[in-house]
file query.cif (mmCIF, C-alpha atoms and all ligand atoms)
data_run
#
loop_
_atom_site.label_atom_id
_atom_site.label_comp_id
_atom_site.auth_asym_id
_atom_site.auth_seq_id
_atom_site.Cartn_x
_atom_site.Cartn_y
_atom_site.Cartn_z
CA MET A 9 172.81 121.03 93.68
CA SER A 10 172.45 117.29 93.81
CA GLU A 11 170.34 115.37 91.40
CA LYS A 12 166.62 116.13 91.24
CA TYR A 13 164.55 114.29 93.75
CA VAL A 14 161.06 115.75 94.03
CA GLU A 15 159.49 117.41 91.00
CA VAL A 16 156.15 119.17 91.04
CA HIS A 17 154.74 120.03 87.64
CA ASN A 18 151.85 122.45 87.15
CA LEU A 19 150.05 121.45 90.32
CA THR A 20 146.50 122.71 90.67
CA THR A 21 144.34 121.65 93.56
CA TRP A 22 141.12 122.56 95.33
CA TYR A 23 138.50 121.16 97.70
CA ASP A 24 135.67 122.99 95.98
CA PRO A 25 136.09 123.76 92.25
CA ALA A 26 134.74 127.27 92.86
CA VAL A 27 137.64 127.98 95.25
CA PRO A 28 141.08 127.25 93.76
CA ILE A 29 143.65 126.67 96.50
CA LEU A 30 146.91 126.07 94.62
CA GLU A 31 147.19 127.00 90.97
CA ASP A 32 149.85 125.97 88.48
CA VAL A 33 152.59 125.46 91.07
CA SER A 34 155.86 123.99 89.76
CA PHE A 35 159.17 123.42 91.51
CA GLU A 36 161.97 120.93 91.99
CA ILE A 37 163.66 119.87 95.20
CA GLY A 38 167.14 118.39 95.18
CA SER A 39 167.95 115.37 97.30
CA GLY A 40 169.00 116.54 100.77
CA GLU A 41 167.76 120.10 100.37
CA PHE A 42 166.09 122.00 103.20
CA ILE A 43 163.12 123.80 101.68
CA CYS A 44 160.83 126.16 103.55
CA VAL A 45 157.37 126.93 102.20
CA LEU A 46 156.34 130.36 103.38
CA GLY A 47 152.93 131.91 103.09
CA PRO A 48 150.17 133.56 105.09
CA SER A 49 147.57 131.57 106.96
CA GLY A 50 145.08 129.89 104.63
CA CYS A 51 147.15 130.16 101.44
CA GLY A 52 147.45 126.40 100.95
CA LYS A 53 150.68 125.37 102.68
CA SER A 54 149.19 122.37 104.50
CA THR A 55 147.34 121.43 101.32
CA LEU A 56 150.65 121.43 99.45
CA LEU A 57 152.17 119.07 102.03
CA ALA A 58 149.14 116.77 101.85
CA THR A 59 149.59 116.66 98.08
CA LEU A 60 153.33 115.91 98.43
CA SER A 61 152.52 113.15 100.91
CA GLY A 62 150.41 111.16 98.48
CA LEU A 63 147.22 111.74 100.49
CA LYS A 64 145.55 114.38 98.33
CA PRO A 65 145.57 113.75 94.59
CA PRO A 66 145.88 117.01 92.67
CA GLN A 67 143.16 118.10 90.22
CA ALA A 68 145.88 118.80 87.67
CA GLY A 69 149.62 118.37 87.50
CA ARG A 70 152.06 115.67 88.55
CA ILE A 71 154.35 114.96 91.48
CA LEU A 72 157.38 112.84 90.73
CA VAL A 73 159.73 111.33 93.26
CA ASP A 74 162.88 110.07 91.62
CA GLY A 75 161.04 110.18 88.32
CA GLU A 76 158.01 108.19 89.48
CA ASP A 77 154.55 109.79 89.64
CA ILE A 78 153.40 109.17 93.23
CA TYR A 79 149.74 109.18 92.14
CA ASP A 80 150.35 106.56 89.48
CA ARG A 81 148.50 103.44 90.69
CA GLN A 82 151.53 101.26 90.08
CA ALA A 83 153.87 103.56 91.99
CA SER A 84 155.07 102.73 95.46
CA LEU A 85 154.04 105.51 97.81
CA PRO A 86 156.92 107.53 99.24
CA ARG A 87 157.87 106.63 102.78
CA LEU A 88 157.57 109.89 104.61
CA GLY A 89 157.88 111.40 108.02
CA TYR A 90 155.21 113.96 108.88
CA VAL A 91 155.53 116.37 111.79
CA PHE A 92 152.56 118.59 112.54
CA GLN A 93 151.97 121.70 114.60
CA ASP A 94 150.49 119.49 117.33
CA HIS A 95 152.57 116.44 118.25
CA ARG A 96 149.89 113.81 117.42
CA LEU A 97 151.38 111.32 119.87
CA LEU A 98 148.83 108.83 121.22
CA PRO A 99 148.37 109.76 124.89
CA TRP A 100 147.72 106.18 126.00
CA ARG A 101 151.07 104.99 124.66
CA THR A 102 154.50 105.86 126.01
CA VAL A 103 156.98 107.75 123.86
CA SER A 104 158.74 104.53 122.82
CA GLN A 105 155.43 102.78 122.12
CA ASN A 106 154.39 105.68 119.89
CA ILE A 107 157.56 105.31 117.84
CA SER A 108 157.15 101.55 117.76
CA LEU A 109 153.72 101.97 116.22
CA ALA A 110 155.17 104.09 113.41
CA LEU A 111 157.89 101.49 112.84
CA ASP A 112 155.22 98.77 112.63
CA ALA A 113 153.33 100.82 110.06
CA ALA A 114 156.56 101.23 108.08
CA GLY A 115 157.09 97.46 108.11
CA VAL A 116 160.19 97.45 110.32
CA ALA A 117 160.69 94.09 112.11
CA SER A 118 159.82 94.39 115.80
CA GLU A 119 163.18 93.03 117.01
CA GLU A 120 164.83 96.09 115.43
CA HIS A 121 162.55 98.63 117.11
CA GLU A 122 164.35 99.10 120.40
CA ASP A 123 167.74 99.98 118.87
CA ILE A 124 166.17 102.42 116.44
CA ILE A 125 164.03 104.05 119.15
CA ARG A 126 167.03 104.55 121.44
CA THR A 127 169.12 105.99 118.60
CA TYR A 128 166.53 108.64 117.71
CA LEU A 129 165.51 109.50 121.27
CA ASP A 130 169.20 110.05 122.05
CA ALA A 131 169.65 112.11 118.87
CA LEU A 132 166.79 114.34 120.00
CA GLN A 133 168.16 114.40 123.55
CA ILE A 134 165.11 112.81 125.13
CA GLY A 135 166.61 109.39 125.89
CA SER A 136 165.38 109.60 129.47
CA PHE A 137 161.76 109.96 128.29
CA HIS A 138 161.64 106.53 126.67
CA ASP A 139 158.85 105.33 129.00
CA ALA A 140 157.22 108.70 129.63
CA TRP A 141 153.60 109.44 128.76
CA PRO A 142 153.20 112.20 126.18
CA LEU A 143 151.00 114.23 128.54
CA ASN A 144 153.84 114.41 131.06
CA LEU A 145 156.21 116.05 128.56
CA SER A 146 156.67 119.74 127.85
CA GLY A 147 155.62 121.10 124.45
CA GLY A 148 159.22 121.12 123.26
CA GLN A 149 159.81 117.53 124.43
CA ARG A 150 156.66 116.36 122.63
CA GLN A 151 157.87 117.92 119.40
CA ARG A 152 161.25 116.27 119.91
CA ALA A 153 159.43 112.95 120.29
CA SER A 154 157.40 113.53 117.18
CA ILE A 155 160.53 114.41 115.18
CA ALA A 156 162.19 111.24 116.52
CA ARG A 157 159.16 109.24 115.39
CA ALA A 158 159.26 110.83 111.92
CA MET A 159 163.00 110.21 111.49
CA ALA A 160 162.95 106.69 112.95
CA ILE A 161 161.20 105.24 109.91
CA ASP A 162 164.06 106.44 107.67
CA PRO A 163 161.76 108.49 105.45
CA ASP A 164 162.38 109.36 101.79
CA TYR A 165 161.59 112.90 102.85
CA LEU A 166 160.33 114.75 105.86
CA LEU A 167 157.28 117.00 105.75
CA MET A 168 156.98 119.46 108.63
CA ASP A 169 153.90 121.62 109.06
CA GLU A 170 154.61 124.59 111.35
CA PRO A 171 156.07 122.23 113.96
CA PHE A 172 157.46 124.96 116.23
CA SER A 173 154.80 127.62 115.89
CA THR A 174 153.13 126.92 119.23
CA LEU A 175 156.40 126.82 121.20
CA ASP A 176 157.90 129.76 123.05
CA GLU A 177 160.69 131.43 121.07
CA LEU A 178 163.57 130.08 123.15
CA THR A 179 162.34 126.49 122.90
CA ALA A 180 161.68 127.00 119.19
CA ARG A 181 165.27 128.19 118.73
CA GLU A 182 166.66 125.12 120.49
CA LEU A 183 164.55 122.87 118.31
CA ARG A 184 165.54 124.64 115.10
CA ASP A 185 169.21 124.15 116.01
CA GLU A 186 168.52 120.52 116.82
CA LEU A 187 166.64 119.96 113.58
CA LEU A 188 169.47 121.46 111.53
CA ARG A 189 172.00 119.20 113.26
CA ILE A 190 169.90 116.14 112.53
CA TRP A 191 169.23 117.23 108.96
CA GLU A 192 172.94 117.72 108.29
CA ALA A 193 173.83 114.36 109.81
CA SER A 194 171.05 112.46 108.03
CA GLY A 195 171.15 114.08 104.58
CA LYS A 196 167.32 113.92 104.47
CA THR A 197 165.25 116.15 102.22
CA ILE A 198 163.00 118.38 104.33
CA VAL A 199 159.98 120.43 103.28
CA PHE A 200 159.16 122.70 106.20
CA VAL A 201 156.08 124.92 106.23
CA THR A 202 156.07 128.14 108.19
CA HIS A 203 154.43 131.54 108.21
CA SER A 204 157.51 133.05 109.89
CA VAL A 205 159.96 134.81 107.58
CA HIS A 206 162.63 134.67 110.28
CA GLU A 207 162.24 130.93 110.78
CA ALA A 208 162.35 130.28 107.03
CA MET A 209 165.51 132.39 106.64
CA PHE A 210 167.22 130.64 109.52
CA LEU A 211 166.46 127.12 108.32
CA ALA A 212 166.22 126.99 104.56
CA ASP A 213 168.53 126.48 101.62
CA ARG A 214 165.69 127.83 99.51
CA ILE A 215 162.34 129.36 100.37
CA PHE A 216 159.25 128.92 98.21
CA VAL A 217 156.98 131.89 98.84
CA LEU A 218 153.30 131.36 98.09
CA SER A 219 150.85 134.08 97.25
CA THR A 220 147.22 133.90 98.33
CA TYR A 221 143.95 133.29 96.51
CA PRO A 222 144.85 131.33 94.62
CA GLY A 223 148.14 130.05 96.02
CA ARG A 224 150.85 130.38 93.40
CA LEU A 225 154.59 130.07 93.70
CA TYR A 226 155.24 133.77 93.81
CA ARG A 227 158.96 133.82 94.49
CA THR A 228 161.87 131.49 95.25
CA ILE A 229 164.54 132.85 97.58
CA ASP A 230 168.02 131.36 97.73
CA VAL A 231 169.30 131.85 101.25
CA ASN A 232 172.99 132.18 100.48
CA VAL A 233 173.99 132.64 104.10
CA PRO A 234 176.60 130.15 105.29
CA ARG A 235 175.81 127.61 108.00
CA VAL A 236 176.01 127.42 110.98
CA ARG A 237 173.74 130.48 111.02
CA SER A 238 173.20 132.75 113.95
CA HIS A 239 169.85 134.29 114.78
CA GLU A 240 171.71 137.61 114.98
CA ASP A 241 173.46 137.27 111.59
CA VAL A 242 173.47 140.67 109.90
CA ASP A 243 173.16 139.31 106.34
CA LEU A 244 170.23 137.18 107.42
CA ALA A 245 168.55 140.17 109.08
CA LYS A 246 169.01 142.31 105.94
CA LEU A 247 167.60 139.62 103.69
CA GLU A 248 164.71 139.13 106.11
CA ALA A 249 163.90 142.85 106.15
CA SER A 250 163.87 143.06 102.35
CA VAL A 251 161.68 139.98 102.04
CA ILE A 252 159.21 141.27 104.63
CA GLU A 253 158.94 144.57 102.77
CA ASP A 254 158.23 142.75 99.53
CA LEU A 255 155.71 140.39 101.12
CA LEU A 256 153.81 143.15 102.84
CA VAL A 257 153.03 144.46 99.38
CA GLU A 258 152.27 141.07 97.80
CA TRP A 259 150.25 139.59 100.68
CA GLY A 260 148.76 142.94 101.65
CA GLN A 261 147.39 143.66 98.18
CA LYS A 262 145.42 140.44 98.14
CA GLY A 263 143.82 141.19 101.48
CA ALA A 264 143.46 138.98 104.52
CA PRO A 265 142.14 135.42 104.16
CA ALA A 266 138.35 135.18 104.13
CA PRO A 267 137.30 134.54 107.76
CA GLU A 268 134.86 131.73 107.03
CA ARG A 269 137.59 129.60 105.46
CA GLU A 270 139.42 128.42 108.54
CA SER A 271 142.89 127.05 107.88
CA THR A 272 143.84 123.61 109.11
P1 LIG B 1 147.54 126.97 105.28
O1 LIG B 1 148.15 125.70 105.72
O2 LIG B 1 148.41 127.79 104.38
O3 LIG B 1 147.04 127.80 106.42
P2 LIG B 1 145.53 125.22 104.16
O4 LIG B 1 146.21 124.42 103.12
O5 LIG B 1 145.24 124.57 105.45
O6 LIG B 1 146.28 126.62 104.36
O7 LIG B 1 144.13 125.70 103.58
C1 LIG B 1 144.00 126.40 102.37
C2 LIG B 1 142.54 126.67 102.14
O8 LIG B 1 141.87 125.43 101.92
C3 LIG B 1 141.86 127.33 103.32
O9 LIG B 1 140.96 128.28 102.83
C4 LIG B 1 141.15 126.18 103.99
O10 LIG B 1 139.98 126.62 104.64
C5 LIG B 1 140.81 125.27 102.84
N1 LIG B 1 140.79 123.86 103.27
C6 LIG B 1 141.80 123.21 103.90
N2 LIG B 1 141.49 121.92 104.13
C7 LIG B 1 140.24 121.74 103.64
C8 LIG B 1 139.34 120.62 103.55
N3 LIG B 1 139.70 119.41 104.00
N4 LIG B 1 138.15 120.83 102.96
C9 LIG B 1 137.80 122.04 102.48
N5 LIG B 1 138.59 123.14 102.52
C10 LIG B 1 139.79 123.00 103.09
MG MG B 2 148.44 124.98 107.62
#

call {"tool": "encode", "arguments": {"input": "query.cif", "output": "structure tokens"}}
result
Amino acid sequence: MSEKYVEVHNLTTWYDPAVPILEDVSFEIGSGEFICVLGPSGCGKSTLLATLSGLKPPQAGRILVDGEDIYDRQASLPRLGYVFQDHRLLPWRTVSQNISLALDAAGVASEEHEDIIRTYLDALQIGSFHDAWPLNLSGGQRQRASIARAMAIDPDYLLMDEPFSTLDELTARELRDELLRIWEASGKTIVFVTHSVHEAMFLADRIFVLSTYPGRLYRTIDVNVPRVRSHEDVDLAKLEASVIEDLLVEWGQKGAPAPEREST
């Protein structure tokens, strides 16, 4: 594995001290790794990404990027691409204008925008939607646009929060293939949250499995299945079946998430 890039040491976080969300979570992510964070709804996956993004200081523990604590006041915040379950494109701006806005926020000179926008729209195969309004795109095209926006700023790492979970399975498969192509070409580090064991197996180098209440790093799975992977790969299917069996016990024992604590 390449040199350490992101280190999380003994991370504990909550919104209400009576309700711990993540407790004593530690891991390292190598530069260029594809990590999936897998856990049931409400276990703290989105909270973990918010903490990795620099937006939610932990109650205890440290997050280092290339050795620098991102919550240290002197530290420069990581430049990151964030892709959410919903596309979060501004509906009153065209696709290219949405990306331009992100480039502005990242401090990229405006004369460079057009070249960058075209490069990433082409990479995501939505070059012809440059001037389209987000509302006129399909769900898959919107997620392509939001991945293009996240990649266009040349992020230190990419955080993806269940980006394909609302898409139909065929569209989701296309986008997973696309994402893997772009990841391999770019060498970016990706932290991808999902509640789907199959999706995690298909995408990840390693999977961090969280337990619930409180969220702890319960297991790390090395997915030693060569790429390019097929959805029908027998080794992948066997690994998936054994992980599901294990998780049914672990997640099942703790019970379902409390209904009044809606996940975000
Ligand atoms: P996941 O992404 O795994 O579904 P989340 O990280 O969104 O889980 O949420 C973990 C827990 O924290 C849930 O019980 C959720 O209700 C609670 N939570 C999430 N965001 C907030 C918030 N801003 N304020 C209070 N509680 C929150
Ligand atoms: Mg979530």

call {"tool": "closest_atom_pairs", "arguments": {"input": "query.cif", "of": "chain A", "to": "ligand LIG 1 (chain B)", "cutoff": "10 Å", "atoms": "all atoms listed in the file", "output": "CSV"}}
result
residue,atom,partner,partner_atom,distance
A:Thr21,CA,B:LIG1,O8,9.5
A:Trp22,CA,B:LIG1,O8,7.2
A:Tyr23,CA,B:LIG1,C9,4.9
A:Asp24,CA,B:LIG1,C9,6.9
A:Val27,CA,B:LIG1,O9,8.3
A:Pro28,CA,B:LIG1,O8,8.4
A:Ile29,CA,B:LIG1,C2,5.7
A:Leu30,CA,B:LIG1,C1,8.3
A:Val45,CA,B:LIG1,O2,9.3
A:Leu46,CA,B:LIG1,O2,8.4
A:Gly47,CA,B:LIG1,O2,6.3
A:Pro48,CA,B:LIG1,O2,6.1
A:Ser49,CA,B:LIG1,O3,3.8
A:Gly50,CA,B:LIG1,O3,3.4
A:Cys51,CA,B:LIG1,O2,4.0
A:Gly52,CA,B:LIG1,O4,3.2
A:Lys53,CA,B:LIG1,O2,3.7
A:Ser54,CA,B:LIG1,O1,3.7
A:Thr55,CA,B:LIG1,O4,3.7
A:Leu56,CA,B:LIG1,O4,6.5
A:Leu57,CA,B:LIG1,O4,8.1
A:Ala58,CA,B:LIG1,O4,8.3
A:Thr59,CA,B:LIG1,O4,9.9
A:Lys64,CA,B:LIG1,N3,9.6
A:Asp169,CA,B:LIG1,O1,7.8
A:Glu170,CA,B:LIG1,O1,8.6
A:Val201,CA,B:LIG1,O1,8.0
A:Thr202,CA,B:LIG1,O2,8.6
A:His203,CA,B:LIG1,O2,8.1
A:Leu218,CA,B:LIG1,O2,8.7
A:Ser219,CA,B:LIG1,O2,9.8
A:Thr220,CA,B:LIG1,O2,8.7
A:Tyr221,CA,B:LIG1,O9,8.6
A:Pro222,CA,B:LIG1,C2,9.1
A:Gly223,CA,B:LIG1,C1,8.4
A:Pro265,CA,B:LIG1,O9,7.4
A:Ala266,CA,B:LIG1,O9,7.5
A:Pro267,CA,B:LIG1,O9,8.8
A:Glu268,CA,B:LIG1,O10,7.6
A:Arg269,CA,B:LIG1,O10,3.9
A:Glu270,CA,B:LIG1,O10,4.3
A:Ser271,CA,B:LIG1,O5,4.2
A:Thr272,CA,B:LIG1,O5,4.0

call {"tool": "closest_residue", "arguments": {"input": "query.cif", "among": "A:Pro234, A:Gly89, A:Pro142, A:Gly69", "to": "Asn18 (chain A)", "atoms": "all atoms listed in the file"}}
result
A:Gly69

call {"tool": "atom_distance", "arguments": {"input": "query.cif", "atom1": "CA of Arg189 (chain A)", "atom2": "CA of Arg237 (chain A)"}}
result
11.6 Å

call {"tool": "atom_distance", "arguments": {"input": "query.cif", "atom1": "CA of Met209 (chain A)", "atom2": "CA of Cys44 (chain A)"}}
result
8.4 Å

call {"tool": "residues_around", "arguments": {"input": "query.cif", "residues": "Leu187 (chain A)", "least_positions_apart": "4", "cutoff": "9 Å", "atoms": "only C-alpha atoms", "output": "number ranges by chain"}}
result
A: 132, 155, 182-183, 191-192, 211

call {"tool": "closest_residue", "arguments": {"input": "query.cif", "among": "A:Gln67, A:Phe42, A:Tyr13, A:Asp94", "to": "ligand MG 2 (chain B)", "atoms": "all atoms listed in the file"}}
result
A:Asp94

call {"tool": "residues_around", "arguments": {"input": "query.cif", "residues": "region 239-250 of chain A", "least_positions_apart": "5", "cutoff": "12 Å", "atoms": "only C-alpha atoms", "output": "CSV table (one decimal) with C-alpha atoms, in the coordinates of the input"}}
result
chain,number,residue,atom,x,y,z
A,177,GLU,CA,160.7,131.4,121.1
A,178,LEU,CA,163.6,130.1,123.2
A,180,ALA,CA,161.7,127.0,119.2
A,181,ARG,CA,165.3,128.2,118.7
A,182,GLU,CA,166.7,125.1,120.5
A,184,ARG,CA,165.5,124.6,115.1
A,185,ASP,CA,169.2,124.2,116.0
A,204,SER,CA,157.5,133.0,109.9
A,205,VAL,CA,160.0,134.8,107.6
A,206,HIS,CA,162.6,134.7,110.3
A,207,GLU,CA,162.2,130.9,110.8
A,208,ALA,CA,162.4,130.3,107.0
A,209,MET,CA,165.5,132.4,106.6
A,210,PHE,CA,167.2,130.6,109.5
A,211,LEU,CA,166.5,127.1,108.3
A,212,ALA,CA,166.2,127.0,104.6
A,215,ILE,CA,162.3,129.4,100.4
A,229,ILE,CA,164.5,132.8,97.6
A,230,ASP,CA,168.0,131.4,97.7
A,231,VAL,CA,169.3,131.8,101.2
A,232,ASN,CA,173.0,132.2,100.5
A,233,VAL,CA,174.0,132.6,104.1
A,234,PRO,CA,176.6,130.2,105.3
A,255,LEU,CA,155.7,140.4,101.1
A,256,LEU,CA,153.8,143.2,102.8
A,257,VAL,CA,153.0,144.5,99.4

call {"tool": "residues_around", "arguments": {"input": "query.cif", "residues": "Lys196 (chain A)", "least_positions_apart": "6", "cutoff": "12 Å", "atoms": "only C-alpha atoms", "output": "list of chain:residue names"}}
result
A:Tyr13, A:Ile37, A:Gly38, A:Ser39, A:Gly40, A:Glu41, A:Phe42, A:Ile43, A:Leu88, A:Gly89, A:Ala158, A:Met159, A:Ala160, A:Ile161, A:Asp162, A:Pro163, A:Asp164, A:Tyr165, A:Leu166, A:Leu167, A:Leu187, A:Leu188, A:Arg189, A:Ile190

call {"tool": "closest_residue", "arguments": {"input": "query.cif", "among": "A:Ala113, A:Val217, A:Ala193, A:Ala68", "to": "Asp254 (chain A)", "atoms": "only C-alpha atoms"}}
result
A:Val217

call {"tool": "closest_residue", "arguments": {"input": "query.cif", "among": "A:Gln93, A:Ser118, A:Ser34, A:Asn144", "to": "ligand MG 2 (chain B)", "atoms": "only C-alpha atoms and all ligand atoms"}}
result
A:Gln93

call {"tool": "atom_distance", "arguments": {"input": "query.cif", "atom1": "CA of Asp74 (chain A)", "atom2": "CA of Arg96 (chain A)"}}
result
29.1 Å

call {"tool": "closest_residue", "arguments": {"input": "query.cif", "among": "A:Ile134, A:Pro99, A:Arg157, A:Phe92", "to": "Asp112 (chain A)", "atoms": "only C-alpha atoms"}}
result
A:Arg157

call {"tool": "closest_residue", "arguments": {"input": "query.cif", "among": "A:Leu97, A:Ala83, A:Val91, A:Leu225", "to": "ligand MG 2 (chain B)", "atoms": "all atoms listed in the file"}}
result
A:Val91

call {"tool": "residues_around", "arguments": {"input": "query.cif", "residues": "Ala131 (chain A)", "least_positions_apart": "5", "cutoff": "9 Å", "atoms": "all atoms listed in the file", "output": "compact mmCIF listing (two decimals) with C-alpha atoms, keeping the file's coordinate frame"}}
result
# COMPACT_ATOMS: atom_id res chain seq x y z
CA ARG A 126 167.03 104.55 121.44
CA ALA A 156 162.19 111.24 116.52
CA GLU A 186 168.52 120.52 116.82
CA ILE A 190 169.90 116.14 112.53

call {"tool": "residues_near_point", "arguments": {"input": "query.cif", "point": "(154.3, 120.1, 126.6)", "cutoff": "12 Å", "atoms": "all atoms listed in the file", "output": "ChimeraX atom specification"}}
result
/A:94-97,141-154,172,174-176,179

call {"tool": "residues_around", "arguments": {"input": "query.cif", "residues": "Val14 (chain A)", "least_positions_apart": "2", "cutoff": "10 Å", "atoms": "all atoms listed in the file", "output": "list in words"}}
result
Glu11, Lys12, Val16, His17, Phe35, Glu36, Ile37, Gly38, Ser39, Leu60, Ile71, Leu72, Val73, Asp74, Gly75, Glu76, Asp77, Tyr165 and Thr197 of chain A

call {"tool": "build_atoms", "arguments": {"input": "query.cif", "residues": "region 149-171 of chain A", "atoms": "N, CA and C atoms", "output": "PDB file, keeping the file's coordinate frame"}}
result
ATOM      1  N   GLN A 149     159.461 118.958 124.377  1.00  0.00           N
ATOM      2  CA  GLN A 149     159.810 117.530 124.430  1.00  0.00           C
ATOM      3  C   GLN A 149     158.866 116.713 123.539  1.00  0.00           C
ATOM      4  N   ARG A 150     157.608 117.093 123.503  1.00  0.00           N
ATOM      5  CA  ARG A 150     156.660 116.360 122.630  1.00  0.00           C
ATOM      6  C   ARG A 150     157.057 116.516 121.168  1.00  0.00           C
ATOM      7  N   GLN A 151     157.467 117.735 120.793  1.00  0.00           N
ATOM      8  CA  GLN A 151     157.870 117.920 119.400  1.00  0.00           C
ATOM      9  C   GLN A 151     159.160 117.165 119.106  1.00  0.00           C
ATOM     10  N   ARG A 152     160.045 117.089 120.096  1.00  0.00           N
ATOM     11  CA  ARG A 152     161.250 116.270 119.910  1.00  0.00           C
ATOM     12  C   ARG A 152     160.843 114.817 119.660  1.00  0.00           C
ATOM     13  N   ALA A 153     159.874 114.341 120.459  1.00  0.00           N
ATOM     14  CA  ALA A 153     159.430 112.950 120.290  1.00  0.00           C
ATOM     15  C   ALA A 153     158.789 112.755 118.926  1.00  0.00           C
ATOM     16  N   SER A 154     158.055 113.737 118.469  1.00  0.00           N
ATOM     17  CA  SER A 154     157.400 113.530 117.180  1.00  0.00           C
ATOM     18  C   SER A 154     158.388 113.634 116.021  1.00  0.00           C
ATOM     19  N   ILE A 155     159.472 114.400 116.203  1.00  0.00           N
ATOM     20  CA  ILE A 155     160.530 114.410 115.180  1.00  0.00           C
ATOM     21  C   ILE A 155     161.278 113.061 115.194  1.00  0.00           C
ATOM     22  N   ALA A 156     161.534 112.553 116.415  1.00  0.00           N
ATOM     23  CA  ALA A 156     162.190 111.240 116.520  1.00  0.00           C
ATOM     24  C   ALA A 156     161.358 110.175 115.816  1.00  0.00           C
ATOM     25  N   ARG A 157     160.048 110.225 116.031  1.00  0.00           N
ATOM     26  CA  ARG A 157     159.160 109.240 115.390  1.00  0.00           C
ATOM     27  C   ARG A 157     159.219 109.362 113.864  1.00  0.00           C
ATOM     28  N   ALA A 158     159.236 110.612 113.374  1.00  0.00           N
ATOM     29  CA  ALA A 158     159.260 110.830 111.920  1.00  0.00           C
ATOM     30  C   ALA A 158     160.578 110.358 111.309  1.00  0.00           C
ATOM     31  N   MET A 159     161.687 110.588 112.030  1.00  0.00           N
ATOM     32  CA  MET A 159     163.000 110.210 111.490  1.00  0.00           C
ATOM     33  C   MET A 159     163.254 108.706 111.613  1.00  0.00           C
ATOM     34  N   ALA A 160     162.648 108.094 112.644  1.00  0.00           N
ATOM     35  CA  ALA A 160     162.950 106.690 112.950  1.00  0.00           C
ATOM     36  C   ALA A 160     162.593 105.753 111.790  1.00  0.00           C
ATOM     37  N   ILE A 161     161.613 106.142 111.005  1.00  0.00           N
ATOM     38  CA  ILE A 161     161.200 105.240 109.910  1.00  0.00           C
ATOM     39  C   ILE A 161     162.082 105.403 108.667  1.00  0.00           C
ATOM     40  N   ASP A 162     163.148 106.216 108.790  1.00  0.00           N
ATOM     41  CA  ASP A 162     164.060 106.440 107.670  1.00  0.00           C
ATOM     42  C   ASP A 162     163.294 106.900 106.418  1.00  0.00           C
ATOM     43  N   PRO A 163     162.638 108.058 106.530  1.00  0.00           N
ATOM     44  CA  PRO A 163     161.760 108.490 105.450  1.00  0.00           C
ATOM     45  C   PRO A 163     162.515 108.910 104.181  1.00  0.00           C
ATOM     46  N   ASP A 164     161.817 108.826 103.041  1.00  0.00           N
ATOM     47  CA  ASP A 164     162.380 109.360 101.790  1.00  0.00           C
ATOM     48  C   ASP A 164     162.505 110.876 101.914  1.00  0.00           C
ATOM     49  N   TYR A 165     161.497 111.482 102.513  1.00  0.00           N
ATOM     50  CA  TYR A 165     161.590 112.900 102.850  1.00  0.00           C
ATOM     51  C   TYR A 165     160.707 113.204 104.048  1.00  0.00           C
ATOM     52  N   LEU A 166     161.000 114.365 104.626  1.00  0.00           N
ATOM     53  CA  LEU A 166     160.330 114.750 105.860  1.00  0.00           C
ATOM     54  C   LEU A 166     159.464 115.976 105.576  1.00  0.00           C
ATOM     55  N   LEU A 167     158.187 115.862 105.927  1.00  0.00           N
ATOM     56  CA  LEU A 167     157.280 117.000 105.750  1.00  0.00           C
ATOM     57  C   LEU A 167     156.972 117.564 107.132  1.00  0.00           C
ATOM     58  N   MET A 168     157.172 118.851 107.305  1.00  0.00           N
ATOM     59  CA  MET A 168     156.980 119.460 108.630  1.00  0.00           C
ATOM     60  C   MET A 168     156.042 120.659 108.486  1.00  0.00           C
ATOM     61  N   ASP A 169     154.931 120.597 109.217  1.00  0.00           N
ATOM     62  CA  ASP A 169     153.900 121.620 109.060  1.00  0.00           C
ATOM     63  C   ASP A 169     153.833 122.524 110.295  1.00  0.00           C
ATOM     64  N   GLU A 170     154.543 123.622 110.248  1.00  0.00           N
ATOM     65  CA  GLU A 170     154.610 124.590 111.350  1.00  0.00           C
ATOM     66  C   GLU A 170     154.874 123.913 112.694  1.00  0.00           C
ATOM     67  N   PRO A 171     155.902 123.055 112.757  1.00  0.00           N
ATOM     68  CA  PRO A 171     156.070 122.230 113.960  1.00  0.00           C
ATOM     69  C   PRO A 171     156.453 123.011 115.220  1.00  0.00           C
TER      70      PRO A 171
END
